[in-house]
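structure03.pdb (PDB, C-alpha atoms) appears below.
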MODEL        1
ATOM      1  CA  MET J   1      -8.951   0.405   7.104  1.00  0.00           C
ATOM      2  CA  SER J   2      -7.369   2.486   9.742  1.00  0.00           C
ATOM      3  CA  ALA J   3      -3.979   4.045   9.654  1.00  0.00           C
ATOM      4  CA  ALA J   4      -1.044   2.034  10.811  1.00  0.00           C
ATOM      5  CA  PHE J   5       1.008   4.932  12.103  1.00  0.00           C
ATOM      6  CA  ALA J   6       3.941   3.288  13.646  1.00  0.00           C
ATOM      7  CA  ASP J   7       7.503   4.088  14.229  1.00  0.00           C
ATOM      8  CA  ARG J   8       9.996   4.379  11.431  1.00  0.00           C
ATOM      9  CA  ALA J   9      11.039   0.737  11.733  1.00  0.00           C
ATOM     10  CA  GLU J  10       7.461  -0.482  11.288  1.00  0.00           C
ATOM     11  CA  LEU J  11       6.987   1.635   8.175  1.00  0.00           C
ATOM     12  CA  ALA J  12      10.266   0.315   6.789  1.00  0.00           C
ATOM     13  CA  ARG J  13       9.167  -3.248   7.514  1.00  0.00           C
ATOM     14  CA  ARG J  14       5.835  -2.732   5.775  1.00  0.00           C
ATOM     15  CA  LEU J  15       7.289  -1.064   2.696  1.00  0.00           C
ATOM     16  CA  GLY J  16      10.133  -3.584   2.690  1.00  0.00           C
ATOM     17  CA  ARG J  17       7.526  -6.236   1.925  1.00  0.00           C
ATOM     18  CA  LEU J  18       6.865  -4.525  -1.386  1.00  0.00           C
ATOM     19  CA  ARG J  19      10.577  -4.174  -2.110  1.00  0.00           C
ATOM     20  CA  MET J  20      11.118  -7.866  -1.412  1.00  0.00           C
ATOM     21  CA  ARG J  21       8.676  -8.533  -4.252  1.00  0.00           C
ATOM     22  CA  GLY J  22      10.756  -6.276  -6.508  1.00  0.00           C
ATOM     23  CA  ILE J  23       8.218  -3.443  -6.382  1.00  0.00           C
ATOM     24  CA  VAL J  24       9.644   0.068  -6.375  1.00  0.00           C
ATOM     25  CA  VAL J  25       8.851   2.157  -3.309  1.00  0.00           C
ATOM     26  CA  GLY J  26       9.254   5.839  -4.039  1.00  0.00           C
ATOM     27  CA  TRP J  27       8.141   9.259  -2.930  1.00  0.00           C
ATOM     28  CA  GLY J  28       4.819   8.686  -4.686  1.00  0.00           C
ATOM     29  CA  THR J  29       4.268   5.591  -2.544  1.00  0.00           C
ATOM     30  CA  LEU J  30       4.810   7.688   0.572  1.00  0.00           C
ATOM     31  CA  LEU J  31       2.539  10.443  -0.736  1.00  0.00           C
ATOM     32  CA  VAL J  32      -0.344   8.063  -1.423  1.00  0.00           C
ATOM     33  CA  GLY J  33       0.222   6.497   1.992  1.00  0.00           C
ATOM     34  CA  LEU J  34       0.072   9.935   3.581  1.00  0.00           C
ATOM     35  CA  HIS J  35      -3.096  10.922   1.723  1.00  0.00           C
ATOM     36  CA  GLY J  36      -4.910   7.628   2.051  1.00  0.00           C
ATOM     37  CA  PHE J  37      -7.296   6.729  -0.758  1.00  0.00           C
ATOM     38  CA  GLY J  38     -10.949   5.939  -1.037  1.00  0.00           C
ATOM     39  CA  TRP J  39     -12.048   4.603   2.315  1.00  0.00           C
ATOM     40  CA  VAL J  40      -8.481   3.656   3.221  1.00  0.00           C
ATOM     41  CA  ASP J  41      -7.067   5.858   5.960  1.00  0.00           C
ATOM     42  CA  ARG J  42      -3.583   7.263   5.990  1.00  0.00           C
ATOM     43  CA  GLN J  43      -0.889   4.636   6.232  1.00  0.00           C
ATOM     44  CA  VAL J  44       2.002   7.097   6.606  1.00  0.00           C
ATOM     45  CA  SER J  45       2.221  10.052   8.960  1.00  0.00           C
ATOM     46  CA  ALA J  46       3.885  13.389   8.280  1.00  0.00           C
ATOM     47  CA  ALA J  47       6.476  12.397  10.895  1.00  0.00           C
ATOM     48  CA  ASN J  48       7.164   9.185   8.946  1.00  0.00           C
ATOM     49  CA  ALA J  49       7.716  11.147   5.722  1.00  0.00           C
ATOM     50  CA  ILE J  50      10.080  13.588   7.441  1.00  0.00           C
ATOM     51  CA  ALA J  51      12.027  10.708   9.006  1.00  0.00           C
ATOM     52  CA  VAL J  52      12.411   9.075   5.588  1.00  0.00           C
ATOM     53  CA  ALA J  53      13.676  12.384   4.184  1.00  0.00           C
ATOM     54  CA  LEU J  54      16.213  12.695   6.994  1.00  0.00           C
ATOM     55  CA  ASP J  55      17.467   9.167   6.318  1.00  0.00           C
ATOM     56  CA  THR J  56      17.608   9.842   2.589  1.00  0.00           C
ATOM     57  CA  LEU J  57      19.717  12.962   3.153  1.00  0.00           C
ATOM     58  CA  GLU J  58      22.439  10.748   4.580  1.00  0.00           C
ATOM     59  CA  GLN J  59      22.776   9.201   1.106  1.00  0.00           C
ATOM     60  CA  ASN J  60      22.507  12.466  -0.821  1.00  0.00           C
ATOM     61  CA  PRO J  61      22.929  15.608   1.300  1.00  0.00           C
ATOM     62  CA  ASP J  62      22.773  17.892  -1.764  1.00  0.00           C
ATOM     63  CA  ASP J  63      19.173  17.108  -2.719  1.00  0.00           C
ATOM     64  CA  ASP J  64      17.298  20.376  -2.148  1.00  0.00           C
ATOM     65  CA  LEU J  65      13.824  18.803  -2.481  1.00  0.00           C
ATOM     66  CA  VAL J  66      14.580  16.164   0.132  1.00  0.00           C
ATOM     67  CA  LEU J  67      16.190  18.808   2.341  1.00  0.00           C
ATOM     68  CA  ALA J  68      13.037  20.929   2.114  1.00  0.00           C
ATOM     69  CA  LEU J  69      10.970  17.985   3.360  1.00  0.00           C
ATOM     70  CA  ALA J  70      13.453  17.093   6.081  1.00  0.00           C
ATOM     71  CA  CYS J  71      13.340  20.637   7.489  1.00  0.00           C
ATOM     72  CA  LEU J  72       9.580  20.589   8.084  1.00  0.00           C
ATOM     73  CA  ARG J  73       7.765  19.839  11.324  1.00  0.00           C
ATOM     74  CA  GLU J  74       5.145  17.110  11.505  1.00  0.00           C
ATOM     75  CA  SER J  75       2.510  19.715  12.346  1.00  0.00           C
ATOM     76  CA  GLU J  76       3.088  21.292   8.903  1.00  0.00           C
ATOM     77  CA  THR J  77       1.069  18.633   7.129  1.00  0.00           C
ATOM     78  CA  GLY J  78       0.191  20.771   4.104  1.00  0.00           C
ATOM     79  CA  GLU J  79       3.833  21.626   3.527  1.00  0.00           C
ATOM     80  CA  VAL J  80       4.837  17.969   3.959  1.00  0.00           C
ATOM     81  CA  VAL J  81       2.263  17.007   1.325  1.00  0.00           C
ATOM     82  CA  GLY J  82       3.572  19.739  -0.997  1.00  0.00           C
ATOM     83  CA  ALA J  83       7.165  18.594  -0.568  1.00  0.00           C
ATOM     84  CA  LEU J  84       6.183  14.975  -1.229  1.00  0.00           C
ATOM     85  CA  GLU J  85       4.221  16.058  -4.304  1.00  0.00           C
ATOM     86  CA  ARG J  86       7.310  17.762  -5.731  1.00  0.00           C
ATOM     87  CA  LEU J  87       9.460  14.696  -5.033  1.00  0.00           C
ATOM     88  CA  ALA J  88       6.841  12.350  -6.519  1.00  0.00           C
ATOM     89  CA  GLU J  89       6.529  14.563  -9.586  1.00  0.00           C
ATOM     90  CA  ARG J  90      10.294  14.492 -10.060  1.00  0.00           C
ATOM     91  CA  GLU J  91      10.315  10.701  -9.993  1.00  0.00           C
ATOM     92  CA  GLY J  92       7.342  10.508 -12.378  1.00  0.00           C
ATOM     93  CA  ALA J  93       5.013   8.777  -9.926  1.00  0.00           C
ATOM     94  CA  ASP J  94       1.817   7.217 -11.243  1.00  0.00           C
ATOM     95  CA  TYR J  95      -0.673   7.607  -8.393  1.00  0.00           C
ATOM     96  CA  GLU J  96      -2.980   4.833  -9.542  1.00  0.00           C
ATOM     97  CA  LEU J  97       0.006   2.499  -9.573  1.00  0.00           C
ATOM     98  CA  GLU J  98       0.982   3.694  -6.092  1.00  0.00           C
ATOM     99  CA  ARG J  99      -2.542   3.013  -4.785  1.00  0.00           C
ATOM    100  CA  ARG J 100      -2.326  -0.499  -6.213  1.00  0.00           C
ATOM    101  CA  LYS J 101       0.932  -1.024  -4.298  1.00  0.00           C
ATOM    102  CA  TRP J 102      -0.773  -0.064  -1.045  1.00  0.00           C
ATOM    103  CA  ARG J 103      -3.775  -2.239  -1.930  1.00  0.00           C
ATOM    104  CA  LEU J 104      -1.473  -5.240  -2.420  1.00  0.00           C
ATOM    105  CA  LEU J 105       0.324  -4.567   0.846  1.00  0.00           C
ATOM    106  CA  LEU J 106      -2.919  -4.114   2.778  1.00  0.00           C
ATOM    107  CA  LEU J 107      -4.360  -7.303   1.283  1.00  0.00           C
ATOM    108  CA  GLU J 108      -1.240  -9.274   2.240  1.00  0.00           C
ATOM    109  CA  GLU J 109      -1.544  -7.995   5.780  1.00  0.00           C
ATOM    110  CA  ARG J 110      -5.271  -8.797   5.863  1.00  0.00           C
ATOM    111  CA  ILE J 111      -4.729 -12.326   4.511  1.00  0.00           C
ATOM    112  CA  GLU J 112      -2.155 -13.018   7.220  1.00  0.00           C
ATOM    113  CA  ALA J 113      -4.606 -11.942   9.918  1.00  0.00           C
ATOM    114  CA  LEU J 114      -7.650 -13.835   8.634  1.00  0.00           C
ATOM    115  CA  PRO J 115      -9.489 -15.947  11.185  1.00  0.00           C
ATOM    116  CA  ALA J 116      -9.509 -19.697  10.676  1.00  0.00           C
ATOM    117  CA  ASP J 117     -13.263 -20.110  10.460  1.00  0.00           C
ATOM    118  CA  PRO J 118     -14.788 -19.666   6.991  1.00  0.00           C
ATOM    119  CA  LEU J 119     -17.695 -17.434   8.001  1.00  0.00           C
ATOM    120  CA  HIS J 120     -15.587 -14.752   9.647  1.00  0.00           C
ATOM    121  CA  GLY J 121     -12.748 -15.135   7.166  1.00  0.00           C
ATOM    122  CA  LEU J 122     -14.969 -14.648   4.123  1.00  0.00           C
ATOM    123  CA  LEU J 123     -16.809 -11.777   5.798  1.00  0.00           C
ATOM    124  CA  ASN J 124     -13.408 -10.234   6.532  1.00  0.00           C
ATOM    125  CA  LEU J 125     -12.358 -10.503   2.880  1.00  0.00           C
ATOM    126  CA  ASP J 126     -15.686  -9.057   1.765  1.00  0.00           C
ATOM    127  CA  GLU J 127     -15.216  -6.134   4.155  1.00  0.00           C
ATOM    128  CA  PHE J 128     -11.733  -5.503   2.743  1.00  0.00           C
ATOM    129  CA  TRP J 129     -12.943  -5.359  -0.851  1.00  0.00           C
ATOM    130  CA  GLY J 130     -16.019  -3.379   0.143  1.00  0.00           C
ATOM    131  CA  VAL J 131     -13.829  -0.661   1.649  1.00  0.00           C
ATOM    132  CA  LEU J 132     -12.038  -0.480  -1.699  1.00  0.00           C
ATOM    133  CA  GLY J 133     -15.315  -0.327  -3.619  1.00  0.00           C
ATOM    134  CA  TYR J 134     -15.058  -3.826  -5.103  1.00  0.00           C
ATOM    135  CA  PRO J 135     -12.594  -2.916  -7.861  1.00  0.00           C
ATOM    136  CA  GLU J 136     -13.070  -4.606 -11.203  1.00  0.00           C
ATOM    137  CA  ASP J 137      -9.580  -6.108 -11.164  1.00  0.00           C
ATOM    138  CA  GLY J 138      -9.855  -7.649  -7.676  1.00  0.00           C
ATOM    139  CA  PRO J 139     -10.234 -11.381  -6.979  1.00  0.00           C
ATOM    140  CA  HIS J 140     -13.193 -10.968  -4.660  1.00  0.00           C
ATOM    141  CA  THR J 141     -16.406 -12.949  -4.843  1.00  0.00           C
ATOM    142  CA  VAL J 142     -19.273 -11.345  -2.989  1.00  0.00           C
ATOM    143  CA  GLN J 143     -21.730 -13.938  -1.728  1.00  0.00           C
ATOM    144  CA  THR J 144     -24.800 -11.790  -2.345  1.00  0.00           C
ATOM    145  CA  ARG J 145     -23.764 -11.107  -5.950  1.00  0.00           C
ATOM    146  CA  SER J 146     -22.365 -14.533  -6.755  1.00  0.00           C
ATOM    147  CA  GLY J 147     -25.639 -16.421  -6.663  1.00  0.00           C
ATOM    148  CA  ILE J 148     -24.037 -19.016  -4.391  1.00  0.00           C
ATOM    149  CA  PRO J 149     -26.344 -19.877  -1.489  1.00  0.00           C
ATOM    150  CA  PRO J 150     -24.886 -18.893   1.906  1.00  0.00           C
ATOM    151  CA  GLU J 151     -24.739 -22.511   3.060  1.00  0.00           C
ATOM    152  CA  ASP J 152     -22.442 -23.277   0.102  1.00  0.00           C
ATOM    153  CA  TYR J 153     -20.501 -20.017   0.173  1.00  0.00           C
ATOM    154  CA  TYR J 154     -19.444 -20.019   3.842  1.00  0.00           C
ATOM    155  CA  THR J 155     -17.831 -23.449   3.766  1.00  0.00           C
ATOM    156  CA  GLN J 156     -14.274 -24.483   4.494  1.00  0.00           C
ATOM    157  CA  ASP J 157     -13.811 -25.635   0.888  1.00  0.00           C
ATOM    158  CA  ASN J 158     -14.935 -22.287  -0.519  1.00  0.00           C
ATOM    159  CA  TYR J 159     -12.801 -20.423   2.014  1.00  0.00           C
ATOM    160  CA  GLU J 160      -9.738 -22.371   0.931  1.00  0.00           C
ATOM    161  CA  ALA J 161     -10.596 -21.736  -2.728  1.00  0.00           C
ATOM    162  CA  GLU J 162     -10.932 -17.987  -2.060  1.00  0.00           C
ATOM    163  CA  PHE J 163      -7.673 -18.000  -0.131  1.00  0.00           C
ATOM    164  CA  THR J 164      -5.921 -19.736  -3.030  1.00  0.00           C
ATOM    165  CA  ARG J 165      -7.465 -17.386  -5.578  1.00  0.00           C
ATOM    166  CA  HIS J 166      -6.371 -14.363  -3.545  1.00  0.00           C
ATOM    167  CA  GLY J 167      -2.847 -15.771  -3.310  1.00  0.00           C
ATOM    168  CA  ARG J 168      -2.651 -16.223  -7.084  1.00  0.00           C
ATOM    169  CA  TRP J 169      -4.062 -12.732  -7.600  1.00  0.00           C
ATOM    170  CA  MET J 170      -1.456 -11.202  -5.257  1.00  0.00           C
ATOM    171  CA  GLU J 171       1.362 -12.919  -7.172  1.00  0.00           C
ATOM    172  CA  GLN J 172      -0.043 -11.720 -10.498  1.00  0.00           C
ATOM    173  CA  GLU J 173      -0.592  -8.199  -9.159  1.00  0.00           C
ATOM    174  CA  ALA J 174       2.996  -8.065  -7.873  1.00  0.00           C
ATOM    175  CA  ARG J 175       4.255  -9.083 -11.338  1.00  0.00           C
ATOM    176  CA  LEU J 176       2.075  -6.442 -12.992  1.00  0.00           C
ATOM    177  CA  LEU J 177       3.244  -3.762 -10.570  1.00  0.00           C
ATOM    178  CA  LYS J 178       6.883  -4.615 -11.225  1.00  0.00           C
ATOM    179  CA  GLN J 179       6.287  -4.371 -14.971  1.00  0.00           C
ATOM    180  CA  ALA J 180       4.301  -1.149 -14.698  1.00  0.00           C
ATOM    181  CA  ASP J 181       6.700   0.744 -12.484  1.00  0.00           C
ATOM    182  CA  ALA J 182       7.661   3.696 -14.596  1.00  0.00           C
ATOM    183  CA  VAL J 183      10.124   5.154 -12.140  1.00  0.00           C
ATOM    184  CA  ASP J 184      13.278   6.193 -13.938  1.00  0.00           C
ATOM    185  CA  ALA J 185      16.207   4.023 -12.904  1.00  0.00           C
ATOM    186  CA  GLY J 186      18.179   7.176 -12.112  1.00  0.00           C
ATOM    187  CA  ALA J 187      15.494   8.706  -9.884  1.00  0.00           C
ATOM    188  CA  GLU J 188      16.369   9.510  -6.288  1.00  0.00           C
ATOM    189  CA  LEU J 189      14.261   7.136  -4.225  1.00  0.00           C
ATOM    190  CA  PRO J 190      13.637   7.490  -0.510  1.00  0.00           C
ATOM    191  CA  ASP J 191      15.574   5.355   1.930  1.00  0.00           C
ATOM    192  CA  VAL J 192      12.869   3.275   3.598  1.00  0.00           C
ATOM    193  CA  SER J 193      15.049   0.310   4.416  1.00  0.00           C
TER
ENDMDL
END
Would you mind writing the file's structure down as structure tokens?
Amino acid sequence: MSAAFADRAELARRLGRLRMRGIVVGWGTLLVGLHGFGWVDRQVSAANAIAVALDTLEQNPDDDLVLALACLRESETGEVVGALERLAEREGADYELERRKWRLLLLEERIEALPADPLHGLLNLDEFWGVLGYPEDGPHTVQTRSGIPPEDYYTQDNYEAEFTRHGRWMEQEARLLKQADAVDAGAELPDVS
């Protein structure tokens, strides 16, 4: 899955989707988005992270860690990563949890862009989960592993069932992420609104 480097407003829109579900978006979320994970490319650029820091400084100009990030140039990627690591450490980020947040967001975006026909839609879902290594906790059903013959698997009925199952899984995953967020209520979170 390729990076979706976009302007600041696009990043805010994307991360706002998580916030609308009640999921905390913090410095750790930005750090994981900047690193990418597994076969998932970067979702956040160094310039995005610096822009978020600049916006956050408007709320709290005395935060030295945020100021350090805001003063960097986008070409100083290693320093941007280091600054984000310090901010994520301060907020107590759980990187596995942050990867799950990105996974949920990427799946939502993929579901919205699925083609109407069952063959391409199911292949698209399989590709998505394949990129993520078919995680144990995912809702995916791989045709070749399911024992379902292709003529039964790539049907409209099965596509709709997979779509429904993915929708239920996304709702459950959002609830689990909200419950698991261990970010201290007093932590300074980035302004990605």
Report the residues retrieved by the PyMOL selection byres ((chain J and resi 133-136) around 12) from the displayed file, expressed as a VMD selection string. chain J and resid 37 to 40 100 103 125 to 132 137 to 142 145
Report as a compact mmCIF listing (two decimals) with C-alpha atoms, keeping the file's coordinate frame all protein, DNA and RNA residues lying within 12 Å of Leu11 (chain J), evaluated on all atoms listed in the file, omitting residues in the same chain fewer than 2 positions from it.
# COMPACT_ATOMS: atom_id res chain seq x y z
CA ALA J 3 -3.98 4.04 9.65
CA ALA J 4 -1.04 2.03 10.81
CA PHE J 5 1.01 4.93 12.10
CA ALA J 6 3.94 3.29 13.65
CA ASP J 7 7.50 4.09 14.23
CA ARG J 8 10.00 4.38 11.43
CA ALA J 9 11.04 0.74 11.73
CA ARG J 13 9.17 -3.25 7.51
CA ARG J 14 5.84 -2.73 5.78
CA LEU J 15 7.29 -1.06 2.70
CA GLY J 16 10.13 -3.58 2.69
CA ARG J 17 7.53 -6.24 1.92
CA LEU J 18 6.86 -4.53 -1.39
CA VAL J 25 8.85 2.16 -3.31
CA THR J 29 4.27 5.59 -2.54
CA LEU J 30 4.81 7.69 0.57
CA GLY J 33 0.22 6.50 1.99
CA LEU J 34 0.07 9.94 3.58
CA GLN J 43 -0.89 4.64 6.23
CA VAL J 44 2.00 7.10 6.61
CA SER J 45 2.22 10.05 8.96
CA ALA J 47 6.48 12.40 10.90
CA ASN J 48 7.16 9.18 8.95
CA ALA J 49 7.72 11.15 5.72
CA ALA J 51 12.03 10.71 9.01
CA VAL J 52 12.41 9.07 5.59
CA LEU J 105 0.32 -4.57 0.85
CA ASP J 191 15.57 5.36 1.93
CA VAL J 192 12.87 3.28 3.60
CA SER J 193 15.05 0.31 4.42
Residues at most 12 Å from His120 (chain J), counting all atoms listed in the file, excluding those fewer than 5 positions away in the same chain, as a list in words? Ala113, Leu114, Pro115, Leu125, Asp126, Glu127, Tyr153, Tyr154, Thr155, Gln156 and Tyr159 of chain J
Quick one: pull the distance between CA of Ile23 (chain J) and CA of Ala180 (chain J), Å, one decimal.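 Straight-line distance from CA of Ile23 (chain J) to CA of Ala180 (chain J) works out to 9.5 Å.
Taking CA of His35 (chain J) as the reference point, CA of Arg168 (chain J) is found at 28.5 Å.
Of the residues listed (J:Thr77, J:Gln172, J:Thr164, J:Ser146), J:Thr164 shows the shortest atom-to-atom separation from Ile111 (chain J); distances use all atoms listed in the file.
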Measuring atom to atom with only C-alpha atoms, identify which of J:Ile50, J:Ala174, J:Leu106, J:Ala161 is nearest to Pro118 (chain J).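 Looking at the shortest contact to Pro118 (chain J), the residue is J:Ala161.
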List the residues selected by the PyMOL selection byres ((chain J and resi 95) around 12) in the file shown, writing them as a PyMOL selection string. chain J and resi 26-33+35-37+85+88-89+91-94+96-102+180-183
Do you have, as a Markdown table, the list of residues of region 78-155 of chain J lying at most 12 Å from region 64-74 of chain J, each with its nearest atom pair and that distance in Å to one decimal, counting all atoms listed in the file and ordered by chain then number?
| residue | atom | partner | partner_atom | distance |
| --- | --- | --- | --- | --- |
| J:Gly78 | CA | J:Glu74 | CA | 9.6 |
| J:Glu79 | CA | J:Leu72 | CA | 7.4 |
| J:Val80 | CA | J:Leu69 | CA | 6.2 |
| J:Val81 | CA | J:Leu69 | CA | 9.0 |
| J:Gly82 | CA | J:Leu69 | CA | 8.8 |
| J:Ala83 | CA | J:Leu69 | CA | 5.5 |
| J:Leu84 | CA | J:Leu69 | CA | 7.3 |
| J:Glu85 | CA | J:Leu65 | CA | 10.2 |
| J:Arg86 | CA | J:Leu65 | CA | 7.4 |
| J:Leu87 | CA | J:Leu65 | CA | 6.5 |
| J:Ala88 | CA | J:Leu65 | CA | 10.3 |
| J:Glu89 | CA | J:Leu65 | CA | 11.0 |
| J:Arg90 | CA | J:Leu65 | CA | 9.4 |
| J:Glu91 | CA | J:Leu65 | CA | 11.6 |
Atoms kept (C-alpha atoms) for selection, written as a PDB file, keeping the file's coordinate frame:
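Output (again.pdb):
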ATOM      1  CA  GLY J  78       0.191  20.771   4.104  1.00  0.00           C
ATOM      2  CA  GLU J  79       3.833  21.626   3.527  1.00  0.00           C
ATOM      3  CA  VAL J  80       4.837  17.969   3.959  1.00  0.00           C
ATOM      4  CA  VAL J  81       2.263  17.007   1.325  1.00  0.00           C
ATOM      5  CA  GLY J  82       3.572  19.739  -0.997  1.00  0.00           C
ATOM      6  CA  ALA J  83       7.165  18.594  -0.568  1.00  0.00           C
ATOM      7  CA  LEU J  84       6.183  14.975  -1.229  1.00  0.00           C
ATOM      8  CA  GLU J  85       4.221  16.058  -4.304  1.00  0.00           C
ATOM      9  CA  ARG J  86       7.310  17.762  -5.731  1.00  0.00           C
ATOM     10  CA  LEU J  87       9.460  14.696  -5.033  1.00  0.00           C
ATOM     11  CA  ALA J  88       6.841  12.350  -6.519  1.00  0.00           C
ATOM     12  CA  GLU J  89       6.529  14.563  -9.586  1.00  0.00           C
ATOM     13  CA  ARG J  90      10.294  14.492 -10.060  1.00  0.00           C
ATOM     14  CA  GLU J  91      10.315  10.701  -9.993  1.00  0.00           C
TER      15      GLU J  91
END
When you count all atoms listed in the file, which of these residues is closest to Arg175 (chain J): J:Ala116, J:Val24, J:Ile148, J:Leu54?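 Closest residue, counting all atoms listed in the file: J:Val24.
In this model, the gap between CA of Pro150 (chain J) and CA of Glu112 (chain J) comes to 24.1 Å.
The residue that comes closest to Glu151 (chain J), out of J:His166, J:Leu119, J:Ser75, J:Asp62 and on the basis of all atoms listed in the file, is J:Leu119.
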Ranking J:Asp55, J:Met170, J:Ala12, J:Gly147 by minimum distance to Arg110 (chain J) and counting all atoms listed in the file, which one comes first?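 Distance minimum relative to Arg110 (chain J) lands on J:Met170.
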Report as AutoDock Vina command-line options the centre and the edge lengths, in Å to one decimal, of the axis-aligned box holding every listed atom of region 41-57 of chain J, padded by 6 Å on each side.
--center_x 6.3 --center_y 9.1 --center_z 6.7 --size_x 38.8 --size_y 21.0 --size_z 20.3
